[in-house]
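Trainee: Before we start, here is the structure in question, set down as structure tokens.
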Amino acid sequence: MTGQNSRRVSYFYDAEVGNYHYGQGHPMKPHRVRMTHNLVVNYGLYKKMDVFRPRLINPTAMTRFHSDDYINFLKVITPDNMNDYTRQLQRFNVGEDCPVFDGMFEFCQMYTSGSIGGAARLNDDDADIVVNWSGGLHHAKKAEASGFCYINDCVLAILELLKKHERVLYIDIDIHHGDGVEEAFYSTNRVMTVSFHKFGEYFPGTGDVLDIGYAQGKNFSINFPLNDGMDDASYHSVFKPVISKIMEHFSPGAVVLQCGADSLSGD
């Protein structure tokens, strides 16, 4: 226990994040991040961590993964001018699941800054563990929004970690397959992506057990498709042996864990 307690934990949170609103009836609610922060405060967990407000990154940092055209579009689009950008809305898949809302780009900047800033702290050896509850938007593609996600902070954090670490492991326990991250690193052996997700007529429809990577990345994408009815004991029975073997054989310098709460029963 002593070793665990001595681990340095950094926690990134911006009080403004809970003010953003995807729209009435939309299941994605940034306010939940504020609710989570209130639990962190009221349980006294903040006393055991270094707490930071993310320093907003320059939008050009997002183009390490995303296309210039896509980032420029996200910067200028607003609910007031969206009728002038009909073609781009369609091209970049912004509309229904990924609506245009007030402060959308600032919201993206905020959650992405926490993940990139956290990765930088790990690289500088200023922390052993970093937490950013506002991040984990794993569906966003290079030039396309998807599944409530506009900027893929997971990919950008991994790219930051790769500046220092030879190998990075990405683990995704969201109920939905981590398709955006898998796609980004599908042909490299420096990043191993592992996703445990519900599969079969379920968004995003990817993540078959036979999808294992390509070229140099072959066997570096691991998918564990699951059926309905998963309970704690069953999840442990697959998660623990799979991850322990991966840690043993891949031996990553850093691990990125996407903790989608929607995989919890009743969420």
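The chains in the structure tokens are called A, B, ... from first to last as shown; in each chain the residues are counted from 1, and the ligands are counted from 1 in the order shown.
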Residues within 8 Å of A:Arg53, please, as a VMD selection string. Count only C-alpha atoms; anything in the same chain fewer than 5 positions from it doesn't count.

Mentor: chain A and resid 12 to 14 114

Trainee: With the cut-off set at 12 Å and counting only C-alpha atoms, tabulate each residue of stretch 177-267 of chain A with an atom at most that distance from an atom of stretch 116-128 of chain A, showing the nearest atom pair and its distance in Å to one decimal, ordered by chain and increasing number, as a Markdown table.

Mentor:
```
| residue | atom | partner | partner_atom | distance |
| --- | --- | --- | --- | --- |
| A:Gly253 | CA | A:Asn123 | CA | 10.1 |
| A:Ala254 | CA | A:Leu122 | CA | 8.4 |
| A:Val255 | CA | A:Ala119 | CA | 10.1 |
| A:Val256 | CA | A:Ala119 | CA | 9.1 |
```

Trainee: Apply DSSP to the structure's backbone, then extract all residues of stretch 2-131 of chain A labelled alpha helix (DSSP H) and return them as an NGL selection string.

Mentor: :A and (2-5 or 31-42 or 68-76 or 86-91 or 104-123)

Trainee: Counting only C-alpha atoms, figure out which residue out of A:Tyr85, A:Phe52, A:Tyr150, A:Phe185 gets nearest to A:Cys98.

Mentor: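 Going through A:Tyr85, A:Phe52, A:Tyr150, A:Phe185 one by one, the smallest distance to A:Cys98 is for A:Tyr150.
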
Trainee: Please list as an MDAnalysis selection string every residue within 12 Å of A:Thr63, counting only C-alpha atoms and excluding residues in the same chain fewer than 4 positions away.

Mentor: chainID A and resid 57:59 67:72 141:143 151:153 155:156 159

Trainee: Using only N, CA and C atoms, please write the residues we just selected to a file, as a PDB file, in the first residue's frame.

Mentor:
```pdb
ATOM      1  N   ILE A  57      -4.597  24.999 -24.966  1.00  0.00           N
ATOM      2  CA  ILE A  57      -3.625  24.776 -26.040  1.00  0.00           C
ATOM      3  C   ILE A  57      -3.964  25.646 -27.244  1.00  0.00           C
ATOM      4  N   ASN A  58      -2.968  25.907 -28.060  1.00  0.00           N
ATOM      5  CA  ASN A  58      -3.174  26.596 -29.327  1.00  0.00           C
ATOM      6  C   ASN A  58      -3.908  25.652 -30.285  1.00  0.00           C
ATOM      7  N   PRO A  59      -4.903  26.142 -31.016  1.00  0.00           N
ATOM      8  CA  PRO A  59      -5.632  25.272 -31.945  1.00  0.00           C
ATOM      9  C   PRO A  59      -4.738  24.514 -32.930  1.00  0.00           C
ATOM     10  N   SER A  67      -7.275  17.401 -39.416  1.00  0.00           N
ATOM     11  CA  SER A  67      -6.935  18.184 -40.609  1.00  0.00           C
ATOM     12  C   SER A  67      -7.141  19.675 -40.351  1.00  0.00           C
ATOM     13  N   ASP A  68      -6.364  20.496 -41.050  1.00  0.00           N
ATOM     14  CA  ASP A  68      -6.459  21.954 -40.915  1.00  0.00           C
ATOM     15  C   ASP A  68      -7.869  22.438 -41.243  1.00  0.00           C
ATOM     16  N   ASP A  69      -8.449  21.912 -42.331  1.00  0.00           N
ATOM     17  CA  ASP A  69      -9.789  22.335 -42.756  1.00  0.00           C
ATOM     18  C   ASP A  69     -10.819  22.073 -41.666  1.00  0.00           C
ATOM     19  N   TYR A  70     -10.714  20.919 -41.037  1.00  0.00           N
ATOM     20  CA  TYR A  70     -11.671  20.529 -39.993  1.00  0.00           C
ATOM     21  C   TYR A  70     -11.556  21.444 -38.769  1.00  0.00           C
ATOM     22  N   ILE A  71     -10.330  21.702 -38.329  1.00  0.00           N
ATOM     23  CA  ILE A  71     -10.112  22.574 -37.163  1.00  0.00           C
ATOM     24  C   ILE A  71     -10.581  23.990 -37.468  1.00  0.00           C
ATOM     25  N   ASN A  72     -10.280  24.491 -38.659  1.00  0.00           N
ATOM     26  CA  ASN A  72     -10.717  25.836 -39.037  1.00  0.00           C
ATOM     27  C   ASN A  72     -12.234  25.941 -39.048  1.00  0.00           C
ATOM     28  N   LYS A 141     -12.741  11.513 -35.612  1.00  0.00           N
ATOM     29  CA  LYS A 141     -11.791  11.094 -36.642  1.00  0.00           C
ATOM     30  C   LYS A 141     -10.940  12.281 -37.083  1.00  0.00           C
ATOM     31  N   LYS A 142     -10.033  12.004 -37.993  1.00  0.00           N
ATOM     32  CA  LYS A 142      -9.092  13.031 -38.472  1.00  0.00           C
ATOM     33  C   LYS A 142      -9.829  14.270 -38.999  1.00  0.00           C
ATOM     34  N   ALA A 143     -10.893  14.056 -39.756  1.00  0.00           N
ATOM     35  CA  ALA A 143     -11.626  15.187 -40.343  1.00  0.00           C
ATOM     36  C   ALA A 143     -13.131  14.959 -40.235  1.00  0.00           C
ATOM     37  N   ILE A 151     -13.115  16.659 -31.130  1.00  0.00           N
ATOM     38  CA  ILE A 151     -11.657  16.564 -31.105  1.00  0.00           C
ATOM     39  C   ILE A 151     -11.290  15.304 -30.329  1.00  0.00           C
ATOM     40  N   ASN A 152     -10.388  14.502 -30.883  1.00  0.00           N
ATOM     41  CA  ASN A 152      -9.997  13.256 -30.224  1.00  0.00           C
ATOM     42  C   ASN A 152      -8.812  13.524 -29.288  1.00  0.00           C
ATOM     43  N   ASP A 153      -9.150  13.865 -28.045  1.00  0.00           N
ATOM     44  CA  ASP A 153      -8.110  14.186 -27.068  1.00  0.00           C
ATOM     45  C   ASP A 153      -7.268  12.969 -26.715  1.00  0.00           C
ATOM     46  N   VAL A 155      -6.196  10.569 -28.809  1.00  0.00           N
ATOM     47  CA  VAL A 155      -5.145  10.469 -29.825  1.00  0.00           C
ATOM     48  C   VAL A 155      -4.080  11.540 -29.594  1.00  0.00           C
ATOM     49  N   LEU A 156      -4.509  12.766 -29.321  1.00  0.00           N
ATOM     50  CA  LEU A 156      -3.553  13.857 -29.128  1.00  0.00           C
ATOM     51  C   LEU A 156      -2.699  13.650 -27.879  1.00  0.00           C
ATOM     52  N   LEU A 159      -0.122  10.990 -28.803  1.00  0.00           N
ATOM     53  CA  LEU A 159       0.944  11.581 -29.627  1.00  0.00           C
ATOM     54  C   LEU A 159       1.928  12.366 -28.762  1.00  0.00           C
TER      55      LEU A 159
END
```

Trainee: Rank nothing, just name the residue among A:Ile129, A:Val33, A:Leu89, A:Leu264 nearest to A:Gly229, using only C-alpha atoms.

Mentor: A:Leu264

Trainee: Any idea what the distance is between atom CA of A:Gln216 and atom CA of A:Val191?

Mentor: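 Those two atoms sit 10.6 Å apart.
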
Trainee: Any idea what the distance is between atom CA of A:Arg64 and atom CA of A:His139?

Mentor: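 Separating atom CA of A:Arg64 from atom CA of A:His139 is a distance of 16.5 Å.
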
Trainee: Would you please work out which residue, of A:Glu248, A:Asp102, A:Glu166, A:Asp172, is nearest to A:Thr193 when using only C-alpha atoms?

Mentor: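 Closest to A:Thr193, using only C-alpha atoms: A:Asp172.
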